[in-house]
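Chemist: Here it is, the structure, as structure tokens.
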Amino acid sequence: MDVRRINLALQGGGAHGAFAWGVLDRLLDEPAIEIRGISGTSAGALNGAALAAGLSCGPGRRGREAARQNLAHIWSQVGQVSDNSVVRWLHSMFPVPRAWQRLTELLSPVAWLGSLTRVFSPYDSGPFYTNPLAAILREMPHPRLGREEGPAFFVTATNVRTGLVRVFGGAEVTVDTILASACLPELFRAVEIDDPLTGRREAYWDGGYSGNPALFPLYRGDLPRDIVIVNINPMLRDAVPKTPAAIQDRVNEISFNAALLAELRAINFVKRLHAEDRLTGRPMKNVLLHAIMDEDLMNSLSASTKLIPNPGLLQRMHDAGMQAADRFLERDAEKIGERDSYDLSQLFGRR
């Protein structure tokens, strides 16, 4: 059996990250696929942490089963956050008047959260503040973060002070760095980490602002050429948004795709140089790109559903991810190690 070695680039996208859970479940079932590197942002960092920690438990079936258990744990815990429990959690963070509390309990929090976060800050909650993702990560069945065993794992966050991307790798990967990667500033307080690169304590926000996910850590010489991007945010929407909610949704998607598109454009440029034989003798890696996505599904959803992690939605996303990975393996697995299956020229040829 020929083993096909890949790197994974896992996008963030809130509850839509369950799509990548399904993708990973399917890839873990494929013994011919070996995951050597992972780069994740936000929900992609959560998925990557579960995957990397599990695979570090040992080779073969043991590591794959541990990774599957970690992933199931994370998304089952996220899925237990019903609309009402989200309301109670948000009320613990924001000083909402009692009459407003009774009204909002009748509604999904997505309907009013946007307005509320323009008035109140996570810092207004005082000693009652908590980040619910911390306990979920710490209680993984196999919480082996920052280990040398298993695939290389990189987590992307955004430095609040500089606005620059910060990629954590190796022993730097902790619960705090993953929380930093998933820190939407409207909902969570910035995660502060002592950073030896700057010599100061830095505050971090969601990595999606600067790299969703960052691809450049996967260019390392000891990692495979092949990068499989698991897309959650749709690249293309044909319909022009006209309502305030639809406009804001598309702004969100464009913003969180911008850094990835910049890296893909650079890769496309390097590929053209390689094709023209203009990089002879230069140590510039010619990566092979692949993508697992379901743009029809993602176009049928709005950004608001990223904040509704109900079990029905998560299961739908998981199943769609499994099917998308199945299609990728059937159609494109043979291209791994040989050529791209993601056509960048077509992507950047859109008008």
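By order in the structure tokens, chains are A, B, ...; within a chain, residues start at 1; ligands start at 1, following the order shown.
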Just asking: which residues within region 108-289 of chain A are strand (DSSP E or B) according to DSSP, as JSON, numbers by chain?

Modeler: {"A": [152, 153, 154, 155, 156, 157, 158, 159, 165, 166, 167, 168, 169, 191, 192, 193, 194, 195, 200, 201, 202, 203, 204, 205, 206, 226, 227, 228, 229, 230, 288, 289]}

Chemist: Which neighbours of Leu289 (chain A) fall inside 6 Å, counting only C-alpha atoms, when residues of the same chain fewer than 4 positions from it are skipped, and could you give them as a ChimeraX atom specification?

Modeler: /A:226-227,340,342

Chemist: For the contact check between region 160-194 of chain A and region 46-50 of chain A, emit one row per residue of region 160-194 of chain A within 12 Å, containing the shortest atom pair and the distance in Å rounded to one decimal, counting only C-alpha atoms, chain then rising number order, as a tab-separated table.

Modeler:
```
residue	atom	partner	partner_atom	distance
A:Gly169	CA	A:Ala49	CA	11.3
A:Gly170	CA	A:Ala49	CA	11.6
A:Val173	CA	A:Ala49	CA	8.6
A:Thr174	CA	A:Ala49	CA	9.1
A:Val175	CA	A:Ala49	CA	8.9
A:Asp176	CA	A:Leu46	CA	11.5
A:Thr177	CA	A:Ala49	CA	10.4
A:Ile178	CA	A:Leu46	CA	6.7
A:Leu179	CA	A:Leu46	CA	8.5
A:Ala180	CA	A:Leu46	CA	10.9
A:Ser181	CA	A:Leu46	CA	8.8
A:Ala182	CA	A:Leu46	CA	8.1
A:Cys183	CA	A:Leu46	CA	11.7
```

Chemist: Residues at most 6 Å from region 62-75 of chain A, counting only C-alpha atoms, excluding those fewer than 2 positions away in the same chain, as a ChimeraX atom specification?

Modeler: /A:28,50-51,54-55,57-60,77-79,140-141

Chemist: Go ahead and write the selection's residues with N, CA, C and O atoms as a PDB file, in the first residue's frame.

Modeler:
```
ATOM      1  N   LEU A  28      -9.072   9.954   8.800  1.00  0.00           N
ATOM      2  CA  LEU A  28      -8.519   9.033   9.798  1.00  0.00           C
ATOM      3  C   LEU A  28      -8.895   7.591   9.501  1.00  0.00           C
ATOM      4  O   LEU A  28      -8.240   6.657   9.982  1.00  0.00           O
ATOM      5  N   ALA A  50      -7.212  18.679  18.646  1.00  0.00           N
ATOM      6  CA  ALA A  50      -7.763  17.345  18.886  1.00  0.00           C
ATOM      7  C   ALA A  50      -7.051  16.299  18.035  1.00  0.00           C
ATOM      8  O   ALA A  50      -6.713  15.206  18.515  1.00  0.00           O
ATOM      9  N   LEU A  51      -6.807  16.654  16.779  1.00  0.00           N
ATOM     10  CA  LEU A  51      -6.162  15.726  15.857  1.00  0.00           C
ATOM     11  C   LEU A  51      -4.709  15.466  16.239  1.00  0.00           C
ATOM     12  O   LEU A  51      -4.274  14.311  16.359  1.00  0.00           O
ATOM     13  N   GLY A  54      -4.284  13.592  19.582  1.00  0.00           N
ATOM     14  CA  GLY A  54      -4.634  12.187  19.447  1.00  0.00           C
ATOM     15  C   GLY A  54      -3.582  11.392  18.690  1.00  0.00           C
ATOM     16  O   GLY A  54      -3.157  10.320  19.132  1.00  0.00           O
ATOM     17  N   LEU A  55      -3.119  11.935  17.565  1.00  0.00           N
ATOM     18  CA  LEU A  55      -2.127  11.215  16.765  1.00  0.00           C
ATOM     19  C   LEU A  55      -0.794  11.070  17.492  1.00  0.00           C
ATOM     20  O   LEU A  55      -0.013  10.166  17.187  1.00  0.00           O
ATOM     21  N   CYS A  57      -0.463  10.007  20.361  1.00  0.00           N
ATOM     22  CA  CYS A  57      -0.579   8.874  21.294  1.00  0.00           C
ATOM     23  C   CYS A  57       0.061   7.600  20.752  1.00  0.00           C
ATOM     24  O   CYS A  57       0.258   6.641  21.496  1.00  0.00           O
ATOM     25  N   GLY A  58       0.344   7.549  19.486  1.00  0.00           N
ATOM     26  CA  GLY A  58       0.990   6.364  18.942  1.00  0.00           C
ATOM     27  C   GLY A  58       0.686   6.184  17.476  1.00  0.00           C
ATOM     28  O   GLY A  58      -0.236   6.811  16.938  1.00  0.00           O
ATOM     29  N   PRO A  59       1.447   5.329  16.796  1.00  0.00           N
ATOM     30  CA  PRO A  59       1.230   5.099  15.359  1.00  0.00           C
ATOM     31  C   PRO A  59       0.005   4.224  15.110  1.00  0.00           C
ATOM     32  O   PRO A  59      -0.519   3.568  16.015  1.00  0.00           O
ATOM     33  N   GLY A  60      -0.408   4.227  13.858  1.00  0.00           N
ATOM     34  CA  GLY A  60      -1.468   3.316  13.433  1.00  0.00           C
ATOM     35  C   GLY A  60      -2.804   3.594  14.090  1.00  0.00           C
ATOM     36  O   GLY A  60      -3.162   4.735  14.395  1.00  0.00           O
ATOM     37  N   GLN A  77     -19.249  18.497  23.254  1.00  0.00           N
ATOM     38  CA  GLN A  77     -19.320  19.517  24.283  1.00  0.00           C
ATOM     39  C   GLN A  77     -19.826  20.841  23.715  1.00  0.00           C
ATOM     40  O   GLN A  77     -20.659  21.511  24.330  1.00  0.00           O
ATOM     41  N   VAL A  78     -19.327  21.214  22.549  1.00  0.00           N
ATOM     42  CA  VAL A  78     -19.825  22.429  21.910  1.00  0.00           C
ATOM     43  C   VAL A  78     -21.319  22.285  21.614  1.00  0.00           C
ATOM     44  O   VAL A  78     -22.099  23.227  21.784  1.00  0.00           O
ATOM     45  N   GLY A  79     -21.729  21.089  21.204  1.00  0.00           N
ATOM     46  CA  GLY A  79     -23.123  20.842  20.856  1.00  0.00           C
ATOM     47  C   GLY A  79     -24.071  20.893  22.029  1.00  0.00           C
ATOM     48  O   GLY A  79     -25.292  21.010  21.847  1.00  0.00           O
ATOM     49  N   MET A 140     -10.215  17.061  27.135  1.00  0.00           N
ATOM     50  CA  MET A 140     -10.094  16.105  26.031  1.00  0.00           C
ATOM     51  C   MET A 140      -9.628  14.756  26.572  1.00  0.00           C
ATOM     52  O   MET A 140      -8.799  14.705  27.495  1.00  0.00           O
ATOM     53  N   PRO A 141     -10.107  13.650  26.005  1.00  0.00           N
ATOM     54  CA  PRO A 141      -9.645  12.337  26.466  1.00  0.00           C
ATOM     55  C   PRO A 141      -8.135  12.161  26.364  1.00  0.00           C
ATOM     56  O   PRO A 141      -7.525  11.467  27.178  1.00  0.00           O
TER      57      PRO A 141
END
```

Chemist: Restrict the calculation to only C-alpha atoms, then for each residue of region 142-183 of chain A with any atom at most 12 Å from an atom of region 259-278 of chain A give the closest atom pair and their distance in Å to one decimal, rows by chain and rising residue number, as JSON lines.

Modeler:
```
{"residue": "A:Thr156", "atom": "CA", "partner": "A:Ala259", "partner_atom": "CA", "distance": 11.6}
{"residue": "A:Thr158", "atom": "CA", "partner": "A:Ala259", "partner_atom": "CA", "distance": 11.6}
{"residue": "A:Leu164", "atom": "CA", "partner": "A:Ala259", "partner_atom": "CA", "distance": 11.1}
{"residue": "A:Val165", "atom": "CA", "partner": "A:Ala259", "partner_atom": "CA", "distance": 9.7}
```

Chemist: Here is a test: counting only C-alpha atoms, which residue of A:Gly221, A:Gly337, A:Gly321, A:Pro132 is nearest to Ala20 (chain A)?

Modeler: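 Nearest to Ala20 (chain A): A:Gly321.
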
Chemist: Under the rule that only C-alpha atoms are counted, which of A:Arg237, A:Arg26, A:Arg331, A:Arg189 is the nearest residue to Asp206 (chain A)?

Modeler: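 Comparing A:Arg237, A:Arg26, A:Arg331, A:Arg189 against Asp206 (chain A), the winner is A:Arg189.
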
Chemist: Find, counting only C-alpha atoms, the residue in A:Glu334, A:Glu253, A:Asp222, A:Asp194 that gets nearest to Val3 (chain A).

Modeler: A:Glu334

Chemist: One number please: CA of Trp205 (chain A) to CA of Thr41 (chain A), in Å, one decimal.

Modeler: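 Separation between CA of Trp205 (chain A) and CA of Thr41 (chain A): 10.9 Å.
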
Chemist: Smallest atom-to-atom distance to Leu215 (chain A): which of A:Val23, A:Ile292, A:Ala9, A:Leu184, using only C-alpha atoms?

Modeler: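 Counting only C-alpha atoms, the residue closest to Leu215 (chain A) is A:Ala9.
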
Chemist: When you count only C-alpha atoms, which of these residues is closest to Ala239 (chain A): A:Ala32, A:Asp25, A:Ser300, A:Lys285?

Modeler: A:Ser300

Chemist: Which residues in region 195-328 of chain A does DSSP call helix (DSSP H, G or I)? List them as a PyMOL selection string.

Modeler: chain A and resi 207-209+216-219+244-275+295-300+303-307+311-328

Chemist: Could you work out how far CA of Arg138 (chain A) lies from CA of Ala15 (chain A), giving the answer in Å with one decimal?

Modeler: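 Taking CA of Ala15 (chain A) and CA of Arg138 (chain A), their separation equals 19.4 Å.
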
Chemist: Write out as a ChimeraX atom specification which residues come within 9 Å of Asp319 (chain A) when counting only C-alpha atoms, dropping same-chain ones fewer than 6 positions away.

Modeler: /A:18-19,22-23

Chemist: Here is a test: counting only C-alpha atoms, which residue of A:Ala324, A:Ser125, A:Gly12, A:Phe348 is nearest to Ala303 (chain A)?

Modeler: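 Looking at the shortest contact to Ala303 (chain A), the residue is A:Gly12.
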
Chemist: Excluding Arg201 (chain A) and residues on its chain fewer than 6 positions from it, collect all residues at most 12 Å away from it, counting only C-alpha atoms, and give them as a ChimeraX atom specification.

Modeler: /A:159-161,190-195
